[in-house]
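Asks: So that you have it, the file is entry.csv, and it contains CSV, C-alpha atoms:
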```csv
chain,number,residue,atom,x,y,z
P,1,GLY,CA,3.5,1.8,9.4
P,2,GLN,CA,3.0,-1.8,8.3
P,3,GLN,CA,3.4,-4.5,11.0
P,4,LEU,CA,3.9,-8.2,10.6
P,5,ASN,CA,2.8,-10.6,13.3
P,6,GLN,CA,4.6,-13.9,13.0
P,7,SER,CA,3.5,-16.9,15.0
P,8,PRO,CA,4.4,-19.0,16.8
P,9,GLN,CA,7.6,-17.4,18.2
P,10,SER,CA,9.1,-20.8,18.8
P,11,MET,CA,8.3,-24.5,18.1
P,12,PHE,CA,9.6,-27.6,19.7
P,13,ILE,CA,8.7,-30.7,17.6
P,14,GLN,CA,9.9,-34.3,17.1
P,15,GLU,CA,11.5,-35.4,13.9
P,16,GLY,CA,8.9,-36.4,11.3
P,17,GLU,CA,6.2,-34.0,12.5
P,18,ASP,CA,4.6,-31.5,10.3
P,19,VAL,CA,5.1,-27.8,11.0
P,20,SER,CA,2.9,-24.8,10.4
P,21,MET,CA,3.7,-21.1,10.9
P,22,ASN,CA,2.0,-17.9,9.7
P,23,CYS,CA,2.2,-14.2,9.3
P,24,THR,CA,-0.5,-11.6,9.4
P,25,SER,CA,-0.3,-8.0,8.4
P,26,SER,CA,-2.2,-4.8,9.3
P,27,SER,CA,-2.2,-3.9,5.6
P,28,ILE,CA,-1.9,-5.6,2.2
P,29,PHE,CA,1.2,-6.7,0.5
P,30,ASN,CA,1.9,-7.5,-3.1
P,31,THR,CA,4.7,-10.0,-2.4
P,32,TRP,CA,5.2,-12.5,0.4
P,33,LEU,CA,8.6,-14.1,1.1
P,34,TRP,CA,9.7,-16.8,3.4
P,35,TYR,CA,13.4,-17.2,4.6
P,36,LYS,CA,15.3,-19.6,6.7
P,37,GLN,CA,18.3,-18.6,8.7
P,38,ASP,CA,20.9,-21.0,10.2
P,39,PRO,CA,23.1,-19.8,13.1
P,40,GLY,CA,25.8,-17.4,12.0
P,41,GLU,CA,24.6,-17.3,8.4
P,42,GLY,CA,22.5,-14.9,6.3
P,43,PRO,CA,18.8,-15.7,5.6
P,44,VAL,CA,18.2,-17.9,2.6
P,45,LEU,CA,15.1,-17.4,0.5
P,46,LEU,CA,12.8,-20.5,0.6
P,47,ILE,CA,9.7,-19.4,-1.3
P,48,ALA,CA,8.5,-16.2,-3.0
P,49,LEU,CA,4.8,-15.6,-3.5
P,50,TYR,CA,3.6,-12.9,-6.0
P,51,LYS,CA,-0.1,-13.4,-6.4
P,52,ALA,CA,-3.0,-13.5,-3.9
P,53,GLY,CA,-4.2,-17.1,-3.4
P,54,GLU,CA,-1.0,-18.5,-4.8
P,55,LEU,CA,0.1,-21.8,-3.3
P,56,THR,CA,3.8,-22.7,-4.0
P,57,SER,CA,5.8,-25.7,-3.0
P,58,ASN,CA,9.6,-26.2,-2.7
P,59,GLY,CA,10.2,-29.8,-1.7
P,60,ARG,CA,8.7,-30.5,1.7
P,61,LEU,CA,7.8,-26.8,2.1
P,62,THR,CA,4.5,-25.2,1.0
P,63,ALA,CA,3.6,-21.6,1.3
P,64,GLN,CA,0.4,-19.7,0.5
P,65,PHE,CA,-0.3,-16.0,-0.3
P,66,GLY,CA,-3.6,-15.3,1.5
P,67,ILE,CA,-6.6,-14.1,-0.5
P,68,THR,CA,-6.9,-11.0,1.5
P,69,ARG,CA,-3.2,-10.2,0.8
P,70,LYS,CA,-2.7,-9.6,4.5
P,71,ASP,CA,-1.5,-13.1,5.5
P,72,SER,CA,0.7,-16.0,4.5
P,73,PHE,CA,1.5,-19.4,5.9
P,74,LEU,CA,4.4,-21.8,5.6
P,75,ASN,CA,4.1,-25.5,6.1
P,76,ILE,CA,6.9,-28.0,6.5
P,77,SER,CA,6.0,-31.7,6.1
P,78,ALA,CA,7.9,-34.6,7.8
P,79,SER,CA,10.5,-32.4,9.5
P,80,ILE,CA,14.1,-33.5,9.5
P,81,PRO,CA,17.1,-32.3,11.7
P,82,SER,CA,18.3,-29.8,9.0
P,83,ASP,CA,15.0,-27.9,9.3
P,84,VAL,CA,16.2,-26.5,12.6
P,85,GLY,CA,16.7,-22.7,12.4
P,86,ILE,CA,14.8,-19.4,12.4
P,87,TYR,CA,12.1,-18.8,9.8
P,88,PHE,CA,11.2,-15.3,8.7
P,89,CYS,CA,8.3,-14.0,6.7
P,90,ALA,CA,8.6,-10.7,4.8
P,91,GLY,CA,6.2,-8.6,2.8
P,92,ALA,CA,6.7,-6.1,0.1
P,93,TYR,CA,4.4,-3.5,-1.5
P,94,PHE,CA,4.7,-2.1,-5.0
P,95,GLY,CA,6.7,1.1,-5.1
P,96,ASN,CA,8.2,0.6,-1.7
P,97,GLU,CA,11.9,-0.5,-1.9
P,98,LYS,CA,11.8,-1.9,1.6
P,99,LEU,CA,10.6,-5.2,3.0
P,100,THR,CA,8.7,-5.6,6.3
P,101,PHE,CA,9.9,-8.6,8.2
P,102,GLY,CA,8.2,-10.8,10.8
P,103,THR,CA,9.9,-11.4,14.1
P,104,GLY,CA,10.8,-15.0,13.2
P,105,THR,CA,9.8,-18.5,14.3
P,106,ARG,CA,12.5,-20.6,15.9
P,107,LEU,CA,12.2,-24.2,15.1
P,108,THR,CA,13.8,-26.8,17.4
P,109,ILE,CA,13.6,-30.6,16.9
P,110,ILE,CA,13.6,-32.6,20.1
P,111,PRO,CA,15.6,-35.8,19.9
D,112,SER,CA,25.0,-16.5,-10.8
D,113,GLN,CA,24.3,-13.5,-8.6
D,114,THR,CA,26.5,-13.5,-5.5
D,115,ILE,CA,26.9,-11.2,-2.5
D,116,HIS,CA,30.2,-10.9,-0.7
D,117,GLN,CA,30.7,-9.4,2.7
D,118,TRP,CA,34.0,-8.5,4.2
D,119,PRO,CA,35.2,-9.2,6.9
D,120,ALA,CA,33.3,-12.3,8.1
D,121,THR,CA,34.0,-11.5,11.8
D,122,LEU,CA,35.4,-8.4,13.5
D,123,VAL,CA,36.3,-7.5,17.1
D,124,GLN,CA,36.8,-3.8,17.7
D,125,PRO,CA,37.3,-1.6,20.8
D,126,VAL,CA,34.8,1.0,21.7
D,127,GLY,CA,35.5,4.3,20.0
D,128,SER,CA,37.3,2.8,17.1
D,129,PRO,CA,36.2,3.3,13.4
D,130,LEU,CA,34.4,0.8,11.4
D,131,SER,CA,34.2,-0.1,7.7
D,132,LEU,CA,32.2,-3.1,6.4
D,133,GLU,CA,32.1,-3.9,2.8
D,134,CYS,CA,29.5,-5.5,0.6
D,135,THR,CA,30.0,-6.3,-3.1
D,136,VAL,CA,27.5,-7.8,-5.5
D,137,GLU,CA,28.2,-9.9,-8.6
D,138,GLY,CA,26.1,-10.9,-11.6
D,139,THR,CA,23.6,-8.1,-11.5
D,140,SER,CA,23.6,-4.4,-12.4
D,141,ASN,CA,21.8,-1.5,-10.8
D,142,PRO,CA,20.6,-3.5,-7.8
D,143,ASN,CA,18.9,-2.0,-4.7
D,144,LEU,CA,21.3,-2.6,-1.8
D,145,TYR,CA,20.5,-2.9,1.9
D,146,TRP,CA,22.2,-3.0,5.3
D,147,TYR,CA,20.5,-4.8,8.1
D,148,ARG,CA,21.6,-5.4,11.7
D,149,GLN,CA,20.5,-8.4,13.7
D,150,ALA,CA,21.0,-8.6,17.5
D,151,ALA,CA,21.5,-12.1,19.0
D,152,GLY,CA,18.3,-14.1,18.7
D,153,ARG,CA,16.4,-11.1,17.3
D,154,GLY,CA,14.8,-10.0,14.0
D,155,LEU,CA,16.2,-7.9,11.2
D,156,GLN,CA,16.6,-4.2,11.6
D,157,LEU,CA,16.9,-2.2,8.4
D,158,LEU,CA,19.7,0.4,8.7
D,159,PHE,CA,20.2,1.8,5.2
D,160,TYR,CA,19.2,1.2,1.7
D,161,SER,CA,20.4,2.5,-1.7
D,162,VAL,CA,18.7,2.6,-5.1
D,163,GLY,CA,21.8,3.8,-6.9
D,164,ILE,CA,25.3,5.2,-6.8
D,165,GLY,CA,25.5,7.9,-4.2
D,166,GLN,CA,21.9,7.5,-3.1
D,167,ILE,CA,21.5,6.5,0.5
D,168,SER,CA,18.3,6.4,2.7
D,169,SER,CA,18.8,6.1,6.4
D,170,GLU,CA,16.2,4.2,8.4
D,171,VAL,CA,17.5,4.6,12.0
D,172,PRO,CA,19.4,7.6,13.3
D,173,GLN,CA,22.6,6.4,14.9
D,174,ASN,CA,26.3,6.7,14.7
D,175,LEU,CA,26.5,4.6,11.5
D,176,SER,CA,26.7,5.8,8.0
D,177,ALA,CA,26.6,4.2,4.5
D,178,SER,CA,28.0,4.9,1.2
D,179,ARG,CA,27.7,3.5,-2.3
D,180,PRO,CA,30.7,4.5,-4.3
D,181,GLN,CA,30.1,2.0,-7.1
D,182,ASP,CA,27.1,0.3,-8.5
D,183,ARG,CA,27.9,-3.0,-6.9
D,184,GLN,CA,29.6,-1.8,-3.7
D,185,PHE,CA,27.9,-0.8,-0.5
D,186,ILE,CA,29.9,0.3,2.6
D,187,LEU,CA,28.8,0.6,6.2
D,188,SER,CA,30.9,2.9,8.4
D,189,SER,CA,31.3,4.4,11.7
D,190,LYS,CA,33.7,7.0,13.1
D,191,LYS,CA,33.4,5.8,16.7
D,192,LEU,CA,31.9,2.5,17.6
D,193,LEU,CA,29.6,2.0,20.6
D,194,LEU,CA,29.0,-1.2,22.6
D,195,SER,CA,25.5,-1.2,21.2
D,196,ASP,CA,26.8,-1.5,17.7
D,197,SER,CA,27.7,-5.2,18.3
D,198,GLY,CA,25.6,-7.5,16.2
D,199,PHE,CA,25.3,-9.4,12.9
D,200,TYR,CA,25.4,-7.2,9.9
D,201,LEU,CA,23.7,-8.4,6.7
D,202,CYS,CA,23.9,-6.9,3.2
D,203,ALA,CA,21.1,-7.7,0.8
D,204,ARG,CA,20.2,-6.9,-2.8
D,205,THR,CA,17.2,-6.9,-5.1
D,206,SER,CA,17.0,-6.6,-8.8
D,207,ARG,CA,14.9,-4.0,-10.6
D,208,SER,CA,12.3,-6.6,-11.6
D,209,THR,CA,11.3,-7.9,-8.3
D,210,ASP,CA,10.9,-7.0,-4.6
D,211,THR,CA,12.7,-10.2,-3.5
D,212,GLN,CA,15.8,-9.7,-1.5
D,213,TYR,CA,18.8,-12.0,-1.3
D,214,PHE,CA,21.2,-11.8,1.6
D,215,GLY,CA,24.9,-12.1,1.9
D,216,PRO,CA,26.7,-14.3,4.5
D,217,GLY,CA,26.9,-11.5,7.1
D,218,THR,CA,29.6,-9.9,9.3
D,219,ARG,CA,29.7,-10.6,13.0
D,220,LEU,CA,30.8,-7.5,14.8
D,221,THR,CA,31.8,-7.5,18.5
D,222,VAL,CA,32.5,-4.2,20.2
D,223,LEU,CA,34.4,-4.5,23.4
```
Kindly transcribe the structure held in the file into structure tokens.

Replies:
Amino acid sequence: GQQLNQSPQSMFIQEGEDVSMNCTSSSIFNTWLWYKQDPGEGPVLLIALYKAGELTSNGRLTAQFGITRKDSFLNISASIPSDVGIYFCAGAYFGNEKLTFGTGTRLTIIP
Amino acid sequence: SQTIHQWPATLVQPVGSPLSLECTVEGTSNPNLYWYRQAAGRGLQLLFYSVGIGQISSEVPQNLSASRPQDRQFILSSKKLLLSDSGFYLCARTSRSTDTQYFGPGTRLTVL
């Protein structure tokens, strides 16, 4: 089955630093999604990507759908305390009702 | 707006007791609906999904079951809870036009 490798597993950064995380797949996807989960809450959709090569921004967040359709990255610029949480990538393939999720990247901001 | 409700928000149950978690969706018709479980500090495990009323697909064999009695209602049940059933249960939906899933607020289940 499809597998998603998400890296890094965790990040410890200082406020104001830029953040970069990525996901790679063993097979192609038609949709890439990025979610953020705060403790005790459901994941919230940050960015959805539907086309290979697509680069999409949402405020300080930027995500790209890799040309090969097997990878995606998420960048966060000038991190702030509310960026703390777990970030998940997910991929979908046409005709498959299920998403494949990455294992998550835990972002911690060091005071 | 499209909203997902989950009930209850938190639940503490003894081992061997029954379980019923409810998910209801507003603002969309004929959604695909999903139940996920998340262990502490871990990723999302898909348990069940449904593409329509009465249609349930099971992803992981276990002592849980799911039902979809109405278009916008998805229920997760168990006849006898195990300690390993503890976790954070999330309901999610999609619409017909996109693969994008949106999550509810979750139910925290603790089995003692």

Asks: Tell me, as a list in words, which residues lie within 10 Å of Asp182 of chain D, counting only C-alpha atoms; anything in the same chain fewer than 2 positions away does not count.

Replies: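 Contacts, in chain order: Thr135, Val136, Thr139, Ser140, Asn141, Pro142, Asn143, Leu144, Ser161, Val162, Gly163, Ile164, Gly165, Arg179, Pro180, Gln184 and Phe185 of chain D.
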
Asks: Output the contact residues of chain D with respect to chain P at a cut-off of 12 Å, based on all atoms listed in the file, as an NGL selection string.

Replies: :D and (115-117 or 120-121 or 142-163 or 168-170 or 198-220)

Asks: Can you tell me, as a PyMOL selection string, what residues are no more than 10 Å from segment 10-12 of chain P when counting all atoms listed in the file, ignoring any on the same chain fewer than 3 positions away?

Replies: chain P and resi 7+15+19-21+84+86-87+104-110

Asks: Those same residues, written as an mmCIF file, in the frame of the given file with C-alpha atoms?

Replies:
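File selection_18.cif, as written:
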```cif
data_model
loop_
_atom_site.group_PDB
_atom_site.id
_atom_site.type_symbol
_atom_site.label_atom_id
_atom_site.label_comp_id
_atom_site.auth_asym_id
_atom_site.auth_seq_id
_atom_site.Cartn_x
_atom_site.Cartn_y
_atom_site.Cartn_z
ATOM 1 C CA SER P 7 3.500 -16.900 15.000
ATOM 2 C CA GLU P 15 11.500 -35.400 13.900
ATOM 3 C CA VAL P 19 5.100 -27.800 11.000
ATOM 4 C CA SER P 20 2.900 -24.800 10.400
ATOM 5 C CA MET P 21 3.700 -21.100 10.900
ATOM 6 C CA VAL P 84 16.200 -26.500 12.600
ATOM 7 C CA ILE P 86 14.800 -19.400 12.400
ATOM 8 C CA TYR P 87 12.100 -18.800 9.800
ATOM 9 C CA GLY P 104 10.800 -15.000 13.200
ATOM 10 C CA THR P 105 9.800 -18.500 14.300
ATOM 11 C CA ARG P 106 12.500 -20.600 15.900
ATOM 12 C CA LEU P 107 12.200 -24.200 15.100
ATOM 13 C CA THR P 108 13.800 -26.800 17.400
ATOM 14 C CA ILE P 109 13.600 -30.600 16.900
ATOM 15 C CA ILE P 110 13.600 -32.600 20.100
#
```

Asks: Skip Asn174 of chain D itself and residues of its chain fewer than 6 positions away, then list as JSON, numbers by chain all residues within 12 Å of it, counting all atoms listed in the file.

Replies: {"D": [127, 128, 129, 130, 158, 187, 188, 189, 190, 191, 192, 193, 194, 195, 196]}

Asks: Atom CA of Pro81 of chain P and atom CA of Ile13 of chain P, how far apart in Å?

Replies: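 If I compute the distance from atom CA of Ile13 of chain P to atom CA of Pro81 of chain P, I get 10.4 Å.
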
Asks: May I ask which of the residues D:Gly138, D:Glu133, D:Thr114, D:Pro119 is the closest one to Ser178 of chain D, counting only C-alpha atoms?

Replies: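 Nearest candidate to Ser178 of chain D out of D:Gly138, D:Glu133, D:Thr114, D:Pro119: D:Glu133.
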
Asks: Between atom CA of Trp34 of chain P and atom CA of Ser77 of chain P, what is the spacing in Å?

Replies: 15.6 Å

Asks: Choose the residue, out of P:Ser79, P:Thr24, P:Gln14, P:Asn5, that has the smallest atom-to-atom separation from Ile67 of chain P; count all atoms listed in the file.

Replies: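 Among P:Ser79, P:Thr24, P:Gln14, P:Asn5, it is P:Thr24 that comes nearest to Ile67 of chain P.
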
Asks: What does the structure give for the distance between atom CA of Phe73 of chain P and atom CA of Gln3 of chain P, in Å to one decimal?

Replies: 15.9 Å

Asks: Can you list, as an MDAnalysis selection string, every protein, DNA or RNA residue that comes within 7 Å of Thr221 of chain D when you count all atoms listed in the file, leaving out same-chain residues fewer than 6 positions away?

Replies: chainID D and resid 122:124 197:198

Asks: For Glu54 of chain P, please output as number ranges by chain all residues within 8 Å (counting only C-alpha atoms; exclusion window: fewer than 5 positions along the same chain).

Replies: P: 49, 64-66

Asks: Deliver the residues from the most recent selection as a file, using C-alpha atoms, as a tab-separated table (two decimals), in the coordinates of the input.

Replies:
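Writing done, so here's selection.tsv:
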```tsv
chain	number	residue	atom	x	y	z
P	49	LEU	CA	4.80	-15.60	-3.50
P	64	GLN	CA	0.40	-19.70	0.50
P	65	PHE	CA	-0.30	-16.00	-0.30
P	66	GLY	CA	-3.60	-15.30	1.50
```

Asks: Give, as AutoDock Vina command-line options, the centre coordinates and the x, y and z edge lengths in Å to one decimal for an axis-aligned box around all listed atoms of segment 80-90 of chain P, padded by 5 Å on each side.

Replies:
```
--center_x 13.3 --center_y -22.1 --center_z 8.7 --size_x 20.0 --size_y 32.8 --size_z 17.8
```

Asks: Start from the incomplete input, build N, CA, C and O atoms for segment 158-171 of chain D, and deliver everything as a compact mmCIF listing (two decimals), in the frame of the given file.

Replies:
```txt
# COMPACT_ATOMS: atom_id res chain seq x y z
N LEU D 158 18.90 -0.75 8.37
CA LEU D 158 19.70 0.40 8.70
C LEU D 158 19.72 1.43 7.56
O LEU D 158 19.45 2.61 7.76
N PHE D 159 20.11 0.98 6.39
CA PHE D 159 20.20 1.80 5.20
C PHE D 159 19.82 1.07 3.98
O PHE D 159 19.93 -0.15 3.93
N TYR D 160 19.37 1.81 2.95
CA TYR D 160 19.20 1.20 1.70
C TYR D 160 19.59 2.21 0.59
O TYR D 160 19.60 3.43 0.83
N SER D 161 19.92 1.66 -0.60
CA SER D 161 20.40 2.50 -1.70
C SER D 161 19.80 2.02 -3.00
O SER D 161 19.84 0.83 -3.30
N VAL D 162 19.25 2.95 -3.77
CA VAL D 162 18.70 2.60 -5.10
C VAL D 162 19.64 2.93 -6.21
O VAL D 162 19.32 2.65 -7.37
N GLY D 163 20.79 3.52 -5.89
CA GLY D 163 21.80 3.80 -6.90
C GLY D 163 23.01 4.44 -6.34
O GLY D 163 23.07 4.76 -5.14
N ILE D 164 24.01 4.62 -7.20
CA ILE D 164 25.30 5.20 -6.80
C ILE D 164 25.05 6.54 -6.07
O ILE D 164 24.37 7.42 -6.61
N GLY D 165 25.64 6.69 -4.88
CA GLY D 165 25.50 7.90 -4.20
C GLY D 165 24.21 8.23 -3.50
O GLY D 165 24.04 9.25 -2.83
N GLN D 166 23.25 7.31 -3.66
CA GLN D 166 21.90 7.50 -3.10
C GLN D 166 21.73 6.62 -1.86
O GLN D 166 21.74 5.40 -1.99
N ILE D 167 21.60 7.23 -0.70
CA ILE D 167 21.50 6.50 0.50
C ILE D 167 20.26 6.99 1.31
O ILE D 167 20.06 8.20 1.46
N SER D 168 19.47 6.04 1.78
CA SER D 168 18.30 6.40 2.70
C SER D 168 18.61 5.73 4.02
O SER D 168 18.95 4.55 4.10
N SER D 169 18.49 6.53 5.06
CA SER D 169 18.80 6.10 6.40
C SER D 169 17.43 5.79 7.12
O SER D 169 16.50 6.59 7.06
N GLU D 170 17.38 4.63 7.75
CA GLU D 170 16.20 4.20 8.40
C GLU D 170 16.19 4.51 9.93
O GLU D 170 15.17 4.74 10.54
N VAL D 171 17.37 4.44 10.50
CA VAL D 171 17.50 4.60 12.00
C VAL D 171 18.59 5.57 12.26
O VAL D 171 19.73 5.31 11.91
```
